[in-house]
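Dumped query20.cif below, it's mmCIF, C-alpha atoms and all ligand atoms:
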data_upload
loop_
_atom_site.label_atom_id
_atom_site.label_comp_id
_atom_site.auth_asym_id
_atom_site.auth_seq_id
_atom_site.Cartn_x
_atom_site.Cartn_y
_atom_site.Cartn_z
CA MET A 225 31.54 5.45 -58.05
CA ALA A 226 32.18 2.17 -56.29
CA PRO A 227 31.75 -0.88 -58.53
CA GLY A 228 28.23 -2.26 -58.14
CA ALA A 229 26.93 1.02 -56.66
CA ALA A 230 23.85 2.62 -58.26
CA ASP A 231 24.70 5.03 -61.07
CA VAL A 232 23.14 8.28 -59.87
CA TRP A 233 24.95 10.60 -62.27
CA SER A 234 22.54 12.42 -64.55
CA PRO A 235 24.03 14.17 -67.60
CA ALA A 236 20.94 16.41 -67.81
CA GLN A 237 21.17 17.52 -64.17
CA TYR A 238 24.94 17.99 -64.37
CA GLU A 239 24.64 20.13 -67.50
CA ARG A 240 22.08 22.52 -66.00
CA PHE A 241 24.92 24.85 -65.07
CA ARG A 242 27.09 23.97 -68.00
CA ALA A 243 28.56 27.41 -68.67
CA GLU A 244 29.59 27.84 -65.02
CA ARG A 245 30.99 24.33 -64.73
CA GLU A 246 33.03 24.75 -67.91
CA GLN A 247 34.94 27.81 -66.70
CA PRO A 248 37.57 25.91 -64.66
CA PHE A 249 37.99 23.41 -67.50
CA TRP A 250 39.08 26.21 -69.85
CA ASP A 251 41.33 27.68 -67.15
CA LEU A 252 42.97 24.30 -66.62
CA LEU A 253 43.37 23.83 -70.36
CA ARG A 254 45.22 27.17 -70.53
CA LEU A 255 47.81 25.79 -68.10
CA LEU A 256 48.77 23.04 -70.55
CA ASP A 257 51.72 23.66 -72.78
CA VAL A 258 52.38 20.43 -74.60
CA ALA A 259 53.63 19.30 -77.98
CA PRO A 260 51.03 17.99 -80.46
CA ASN A 261 50.61 14.32 -81.27
CA GLY A 262 50.69 13.17 -77.67
CA ARG A 263 48.85 10.51 -75.70
CA VAL A 264 46.27 11.99 -73.35
CA VAL A 265 44.00 10.60 -70.63
CA ASP A 266 41.04 12.42 -69.12
CA LEU A 267 40.14 10.87 -65.77
CA GLY A 268 36.47 11.23 -64.80
CA CYS A 269 35.60 12.43 -68.30
CA GLY A 270 31.82 12.57 -67.68
CA THR A 271 29.83 13.14 -70.88
CA GLY A 272 33.07 13.45 -72.87
CA MET A 273 32.17 16.80 -74.38
CA LEU A 274 35.07 18.52 -72.65
CA THR A 275 37.35 15.56 -73.39
CA ARG A 276 36.76 16.27 -77.06
CA GLU A 277 37.72 19.93 -76.49
CA LEU A 278 40.88 18.80 -74.69
CA HIS A 279 41.72 16.33 -77.48
CA ARG A 280 41.35 19.05 -80.11
CA ALA A 281 43.10 21.80 -78.14
CA VAL A 282 46.29 19.81 -77.52
CA ARG A 283 46.07 18.20 -80.99
CA ALA A 284 46.49 14.78 -79.41
CA ARG A 285 47.25 11.65 -81.38
CA GLU A 286 45.20 9.61 -78.96
CA THR A 287 42.94 10.54 -76.06
CA VAL A 288 41.21 8.16 -73.69
CA GLY A 289 38.38 9.37 -71.46
CA VAL A 290 37.79 7.24 -68.38
CA ASP A 291 34.66 7.26 -66.26
CA SER A 292 32.79 4.85 -64.00
CA SER A 293 29.27 6.11 -64.78
CA ASP A 294 27.29 4.27 -67.46
CA SER A 295 24.91 7.20 -67.93
CA MET A 296 27.76 9.68 -68.47
CA LEU A 297 29.55 7.24 -70.80
CA ALA A 298 26.35 6.67 -72.79
CA ARG A 299 26.48 10.36 -73.69
CA ALA A 300 30.19 10.12 -74.47
CA ALA A 301 29.51 7.18 -76.81
CA GLU A 302 27.66 9.58 -79.14
CA ILE A 303 30.94 11.40 -79.81
CA ASP A 304 32.72 10.25 -82.93
CA GLU A 305 36.16 11.76 -83.33
CA ASP A 306 39.43 10.38 -84.69
CA GLY A 307 41.81 9.28 -81.96
CA LEU A 308 39.27 9.77 -79.16
CA GLN A 309 37.84 6.86 -77.20
CA PHE A 310 36.02 6.34 -73.93
CA VAL A 311 36.35 3.46 -71.51
CA LYS A 312 34.63 2.46 -68.33
CA GLY A 313 36.95 2.32 -65.36
CA ASP A 314 37.52 3.34 -61.77
CA ILE A 315 40.22 6.01 -61.56
CA GLY A 316 41.50 4.37 -58.39
CA ARG A 317 42.33 1.19 -60.29
CA TRP A 318 42.48 1.97 -64.00
CA SER A 319 45.88 2.34 -65.69
CA PRO A 320 46.75 3.38 -69.24
CA ASP A 321 48.49 0.82 -71.42
CA GLY A 322 51.43 3.13 -72.11
CA ALA A 323 53.08 6.32 -70.87
CA CYS A 324 50.99 9.51 -71.24
CA ASP A 325 51.99 12.99 -72.33
CA VAL A 326 49.01 14.51 -70.54
CA VAL A 327 47.14 13.19 -67.51
CA PHE A 328 44.15 15.48 -67.14
CA SER A 329 41.29 15.49 -64.66
CA ASN A 330 38.66 18.16 -64.24
CA ALA A 331 36.30 18.04 -61.25
CA ALA A 332 36.60 14.31 -60.60
CA LEU A 333 39.44 13.45 -58.20
CA GLN A 334 37.53 14.87 -55.23
CA TRP A 335 35.54 11.62 -55.38
CA LEU A 336 38.64 9.59 -54.56
CA ASP A 337 40.35 9.39 -51.21
CA ASP A 338 44.01 9.31 -50.16
CA HIS A 339 45.29 11.91 -52.61
CA PRO A 340 48.97 11.40 -51.73
CA ARG A 341 48.63 7.77 -52.84
CA LEU A 342 46.41 8.64 -55.82
CA PHE A 343 48.77 11.33 -57.14
CA LYS A 344 51.71 8.95 -56.80
CA ARG A 345 49.84 6.51 -59.07
CA LEU A 346 49.00 9.24 -61.58
CA ARG A 347 52.59 10.44 -61.60
CA GLY A 348 53.51 6.90 -62.67
CA PHE A 349 51.37 7.34 -65.82
CA LEU A 350 53.52 10.20 -67.13
CA ALA A 351 55.99 9.94 -70.01
CA PRO A 352 59.19 12.03 -69.81
CA ASN A 353 58.08 15.68 -70.02
CA GLY A 354 54.51 14.56 -69.46
CA VAL A 355 52.10 16.96 -67.78
CA LEU A 356 49.66 16.32 -64.97
CA ALA A 357 46.78 18.84 -64.90
CA VAL A 358 44.08 18.61 -62.25
CA GLN A 359 41.20 20.75 -61.04
CA VAL A 360 39.29 19.88 -57.86
CA PRO A 361 36.62 21.82 -56.01
CA SER A 362 37.69 23.06 -52.61
CA ASN A 363 34.39 24.24 -51.18
CA TYR A 364 33.51 21.69 -48.52
CA ASP A 365 33.37 24.51 -46.00
CA HIS A 366 30.66 26.30 -48.01
CA GLU A 367 27.10 26.19 -46.68
CA SER A 368 26.03 24.12 -49.70
CA HIS A 369 28.13 21.28 -48.24
CA THR A 370 27.97 21.90 -44.50
CA VAL A 371 24.16 22.08 -44.55
CA ALA A 372 23.99 18.87 -46.62
CA ALA A 373 26.04 17.11 -43.95
CA GLU A 374 24.02 18.59 -41.07
CA VAL A 375 20.72 17.45 -42.61
CA ALA A 376 22.17 13.99 -43.30
CA LEU A 377 22.80 13.65 -39.56
CA GLU A 378 19.11 14.30 -38.77
CA GLU A 379 16.53 11.52 -38.57
CA PRO A 380 15.32 9.56 -40.44
CA PHE A 381 18.28 10.10 -42.77
CA ALA A 382 21.03 9.25 -40.26
CA SER A 383 19.50 5.84 -39.52
CA ALA A 384 19.15 5.08 -43.24
CA THR A 385 22.73 6.02 -44.09
CA GLY A 386 24.38 4.80 -40.90
CA GLY A 387 25.30 8.38 -40.02
CA TYR A 388 27.17 8.95 -43.26
CA THR A 389 28.37 12.42 -44.23
CA ARG A 390 30.55 13.27 -47.19
CA GLU A 391 33.96 14.45 -45.98
CA SER A 392 36.46 16.30 -48.12
CA THR A 393 39.38 14.34 -49.50
CA VAL A 394 40.84 17.50 -51.06
CA LEU A 395 44.12 18.82 -49.64
CA GLN A 396 45.17 22.43 -49.13
CA PRO A 397 46.77 24.07 -52.21
CA GLU A 398 50.20 24.24 -50.58
CA ALA A 399 49.99 20.54 -49.70
CA TYR A 400 49.44 19.75 -53.39
CA ALA A 401 52.46 21.88 -54.30
CA GLU A 402 54.61 19.97 -51.80
CA LEU A 403 53.19 16.63 -52.90
CA LEU A 404 53.82 17.27 -56.60
CA TYR A 405 57.34 18.47 -55.83
CA ALA A 406 58.06 15.44 -53.66
CA LEU A 407 56.91 13.22 -56.54
CA GLY A 408 59.72 14.71 -58.63
CA LEU A 409 57.48 16.93 -60.74
CA ARG A 410 58.51 20.47 -61.67
CA ASP A 411 57.19 23.50 -63.60
CA LEU A 412 54.61 23.68 -60.84
CA HIS A 413 51.56 25.87 -60.97
CA VAL A 414 49.10 25.53 -58.09
CA ARG A 415 46.41 28.07 -57.34
CA LEU A 416 43.20 28.50 -55.44
CA GLN A 417 40.61 30.33 -57.50
CA VAL A 418 37.23 31.62 -56.43
CA TYR A 419 34.70 31.27 -59.23
CA CYS A 420 31.96 33.86 -58.93
CA HIS A 421 28.82 32.21 -60.22
CA GLU A 422 25.81 34.46 -60.23
CA LEU A 423 22.81 32.15 -59.84
CA SER A 424 19.27 33.47 -60.21
CA SER A 425 18.39 32.60 -56.60
CA THR A 426 19.59 30.71 -53.51
CA PRO A 427 17.44 27.63 -54.30
CA ASP A 428 19.45 27.24 -57.52
CA VAL A 429 22.25 25.95 -55.29
CA VAL A 430 20.04 22.92 -54.60
CA GLU A 431 19.80 22.20 -58.32
CA TRP A 432 23.56 22.65 -58.65
CA VAL A 433 24.46 20.17 -55.91
CA ARG A 434 21.82 17.67 -57.05
CA GLY A 435 24.08 17.16 -60.07
CA THR A 436 27.17 16.56 -57.93
CA LEU A 437 27.40 16.36 -54.11
CA LEU A 438 23.89 14.98 -53.50
CA THR A 439 24.59 12.07 -55.87
CA ASP A 440 26.63 10.72 -52.96
CA TYR A 441 23.70 10.85 -50.50
CA GLN A 442 21.04 9.70 -52.97
CA PRO A 443 21.87 5.95 -53.21
CA ARG A 444 22.22 5.67 -49.44
CA MET A 445 18.51 6.14 -48.73
CA PRO A 446 15.19 5.00 -50.25
CA GLU A 447 13.91 7.16 -53.12
CA ALA A 448 11.02 8.74 -51.20
CA MET A 449 13.32 9.53 -48.28
CA PHE A 450 15.80 11.21 -50.61
CA ASP A 451 13.00 13.50 -51.84
CA GLU A 452 12.31 14.40 -48.20
CA TYR A 453 16.04 14.94 -47.63
CA VAL A 454 16.22 17.39 -50.57
CA THR A 455 13.14 19.27 -49.32
CA ARG A 456 14.64 19.66 -45.87
CA TYR A 457 18.03 20.60 -47.32
CA ARG A 458 16.41 23.31 -49.46
CA GLN A 459 14.61 24.76 -46.44
CA ARG A 460 17.72 24.69 -44.23
CA LEU A 461 19.79 26.30 -46.94
CA LEU A 462 17.22 29.07 -47.31
CA ASP A 463 17.20 29.57 -43.53
CA THR A 464 20.99 29.80 -43.55
CA LEU A 465 21.64 31.89 -46.66
CA GLY A 466 18.33 33.72 -47.01
CA ASP A 467 16.32 33.85 -50.21
CA GLN A 468 18.78 35.95 -52.21
CA ARG A 469 17.89 36.87 -55.80
CA PRO A 470 20.34 36.81 -57.47
CA TYR A 471 22.71 34.71 -55.38
CA LEU A 472 26.50 34.83 -55.71
CA PHE A 473 27.75 31.25 -55.42
CA ALA A 474 31.41 31.88 -54.51
CA PHE A 475 33.02 28.56 -55.40
CA LYS A 476 36.63 27.76 -54.48
CA ARG A 477 38.60 25.45 -56.72
CA ILE A 478 42.23 24.32 -56.86
CA LEU A 479 43.94 24.17 -60.25
CA MET A 480 47.31 22.54 -60.64
CA ARG A 481 49.79 21.68 -63.34
CA ALA A 482 53.11 19.84 -62.97
CA ARG A 483 55.62 18.33 -65.39
CA ALA A 484 57.76 15.20 -65.32
CA ALA A 485 61.51 15.44 -65.93
CA PRO A 486 62.68 15.13 -69.60
C1 LIG B 1 31.71 16.43 -61.81
S1 LIG B 1 31.82 15.26 -63.10
C2 LIG B 1 33.09 15.97 -64.15
C3 LIG B 1 33.01 15.48 -65.55
C4 LIG B 1 33.98 16.13 -66.55
N1 LIG B 1 35.37 15.93 -66.17
C5 LIG B 1 33.68 17.61 -66.69
O1 LIG B 1 34.54 18.42 -66.38
O2 LIG B 1 32.58 17.95 -67.13
C6 LIG B 1 32.70 13.97 -62.25
C7 LIG B 1 32.81 12.69 -63.06
O3 LIG B 1 33.71 11.84 -62.36
C8 LIG B 1 33.24 10.52 -62.46
N2 LIG B 1 33.82 9.73 -61.37
C9 LIG B 1 33.65 9.91 -60.03
N3 LIG B 1 34.37 9.01 -59.34
C10 LIG B 1 35.00 8.23 -60.28
C11 LIG B 1 35.89 7.11 -60.19
N4 LIG B 1 36.29 6.63 -59.01
N5 LIG B 1 36.33 6.56 -61.34
C12 LIG B 1 35.94 7.05 -62.55
N6 LIG B 1 35.10 8.10 -62.68
C13 LIG B 1 34.64 8.69 -61.57
C14 LIG B 1 31.73 10.65 -62.39
O4 LIG B 1 31.08 9.52 -62.94
C15 LIG B 1 31.49 11.93 -63.19
O5 LIG B 1 31.24 11.66 -64.54
#
Can you present the structure in this file as structure tokens?
Ligand SMILES: C[S@@+](CC[C@H](N)C(=O)[O-])C[C@H]1O[C@@H](n2cnc3c(N)ncnc32)[C@H](O)[C@@H]1O
Amino acid sequence: MAPGAADVWSPAQYERFRAEREQPFWDLLRLLDVAPNGRVVDLGCGTGMLTRELHRAVRARETVGVDSSDSMLARAAEIDEDGLQFVKGDIGRWSPDGACDVVFSNAALQWLDDHPRLFKRLRGFLAPNGVLAVQVPSNYDHESHTVAAEVALEEPFASATGGYTRESTVLQPEAYAELLYALGLRDLHVRLQVYCHELSSTPDVVEWVRGTLLTDYQPRMPEAMFDEYVTRYRQRLLDTLGDQRPYLFAFKRILMRARAAP
């Protein structure tokens, strides 16, 4: 979230599909193989609940969760755990005050642009043998996203947003592999995984993206217009996908792990 921008993240909305959203976190965690007692950062930590799981799983000495959303951090502030703290910061600018054994980010870096530059920064956070572990969604070509962009280009929304549509900043999996390698990292694991989320119906997709993608459109238009935008989006999505009950939300994500030299 840009500094000064409205905080549209809602922990309650985001957690509506908590079990589904947690699956890639656990998969990413399984890719970590690190010694205990390390220093860990979790970039875009959200409510901090999964940061606590990360902190416990790797038996970290110290874990810092970083997020730019006050509402998400308010939830994180309720967590009281030795060695775990949360700070407000923009991932694009924030830096740890020492080298990290684990730089972790689950479902957050897709909000930042210029990934080659970003990953170069993150690589600079790593201690010798330190591990970078990242998961980003890779589903901008799914109807949930393409329809959101198409509706945003209709009136009156286009005039309100200046014709804005959310474009993907996420690279292809092989480009991440090459990037991580070029940054001197090894022990590479990069994979594209399709998560098969069975939702009760197609309109559930609307509720899903309200907690994520649509937070980017929401602050760009007046409140009443955003309600109209969501109504039209729901209708267009139903027209495109049909009213399927249940609906298989096939969701592509990229998981990656890379290690710094000893
Ligand atoms: C989809 S949530 C993921 C939260 C958590 N990692 C999880 O797995 O549940 C994305 C989080 O990234 C945060 N975020 C987005 N852009 C950010 C930025 N530039 N700097 C810091 N946090 C950011 C949002 O506030 C949000 O809490």
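Each of A:Tyr400, A:Phe310, A:Phe349, A:Phe343 was compared to Cys324 (chain A) using only C-alpha atoms, and A:Phe349 turns out to be the nearest.
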Restrict the calculation to all atoms listed in the file, then for each residue of chain A with any atom at most 9 Å from an atom of ligand LIG 1 (chain B) give the closest atom pair and their distance in Å to one decimal, rows by chain and rising residue number, as a tab-separated table.
residue	atom	partner	partner_atom	distance
A:Met225	CA	B:LIG1	N3	4.7
A:Ala226	CA	B:LIG1	N4	6.6
A:Pro227	CA	B:LIG1	N4	8.8
A:Asp231	CA	B:LIG1	O4	8.0
A:Val232	CA	B:LIG1	O4	8.6
A:Trp233	CA	B:LIG1	O4	6.3
A:Ser234	CA	B:LIG1	O5	8.7
A:Pro235	CA	B:LIG1	O5	8.2
A:Tyr238	CA	B:LIG1	C1	7.4
A:Glu239	CA	B:LIG1	O2	8.2
A:Arg242	CA	B:LIG1	O2	8.2
A:Arg245	CA	B:LIG1	O2	7.0
A:Glu246	CA	B:LIG1	O1	6.7
A:Pro248	CA	B:LIG1	O1	8.3
A:Phe249	CA	B:LIG1	O1	6.2
A:Asp266	CA	B:LIG1	N1	7.3
A:Leu267	CA	B:LIG1	C12	6.5
A:Gly268	CA	B:LIG1	O3	3.7
A:Cys269	CA	B:LIG1	N1	4.1
A:Gly270	CA	B:LIG1	O5	3.3
A:Thr271	CA	B:LIG1	C3	6.6
A:Gly272	CA	B:LIG1	C4	6.9
A:Met273	CA	B:LIG1	O2	7.4
A:Leu274	CA	B:LIG1	O2	6.1
A:Thr275	CA	B:LIG1	N1	7.5
A:Gly289	CA	B:LIG1	N1	8.9
A:Val290	CA	B:LIG1	C12	6.1
A:Asp291	CA	B:LIG1	N6	3.7
A:Ser292	CA	B:LIG1	C12	4.1
A:Ser293	CA	B:LIG1	O4	4.3
A:Asp294	CA	B:LIG1	O4	7.9
A:Ser295	CA	B:LIG1	O4	8.3
A:Met296	CA	B:LIG1	O5	5.6
A:Leu297	CA	B:LIG1	O5	7.8
A:Lys312	CA	B:LIG1	C12	7.5
A:Gly313	CA	B:LIG1	C12	5.6
A:Asp314	CA	B:LIG1	N5	3.5
A:Ile315	CA	B:LIG1	N5	3.9
A:Gly316	CA	B:LIG1	N4	5.7
A:Arg317	CA	B:LIG1	N5	8.1
A:Trp318	CA	B:LIG1	N5	8.1
A:Phe328	CA	B:LIG1	N1	8.8
A:Ser329	CA	B:LIG1	N1	6.1
A:Asn330	CA	B:LIG1	N1	4.4
A:Ala331	CA	B:LIG1	C2	4.8
A:Ala332	CA	B:LIG1	O3	4.2
A:Leu333	CA	B:LIG1	N3	6.8
A:Gln334	CA	B:LIG1	N3	7.8
A:Trp335	CA	B:LIG1	N3	4.9
A:Leu336	CA	B:LIG1	N4	5.8
A:Gln359	CA	B:LIG1	O1	8.8
A:Gly435	CA	B:LIG1	C1	7.9
A:Thr436	CA	B:LIG1	C1	6.0
A:Leu437	CA	B:LIG1	C1	8.8
Separating CA of Leu342 (chain A) from CA of Ile478 (chain A), to the nearest tenth of an Å, is a gap of 16.3 Å
Cut-off 10 Å: closest region 336-389 of chain A/region 256-260 of chain A atom pairs per residue, using only C-alpha atoms, as a Markdown table:
| residue | atom | partner | partner_atom | distance |
| --- | --- | --- | --- | --- |
| A:Asn353 | CA | A:Val258 | CA | 8.7 |
| A:Gly354 | CA | A:Val258 | CA | 8.1 |
| A:Val355 | CA | A:Leu256 | CA | 7.5 |
| A:Leu356 | CA | A:Leu256 | CA | 8.8 |
| A:Ala357 | CA | A:Leu256 | CA | 7.3 |
- Within 9 Å of region 363-377 of chain A using only C-alpha atoms, minus same-chain residues under 3 positions, as a VMD selection string: chain A and resid 380 to 383 385 387 to 392 394 429 to 430 433 437 to 438 441 453 to 454 456 to 457 460 to 461 464 to 465 474 to 477
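The nearest approach to Ala484 (chain A) among the residues A:Ile303, A:Leu409, A:Val288, A:Leu416, with only C-alpha atoms taken into account, belongs to A:Leu409.
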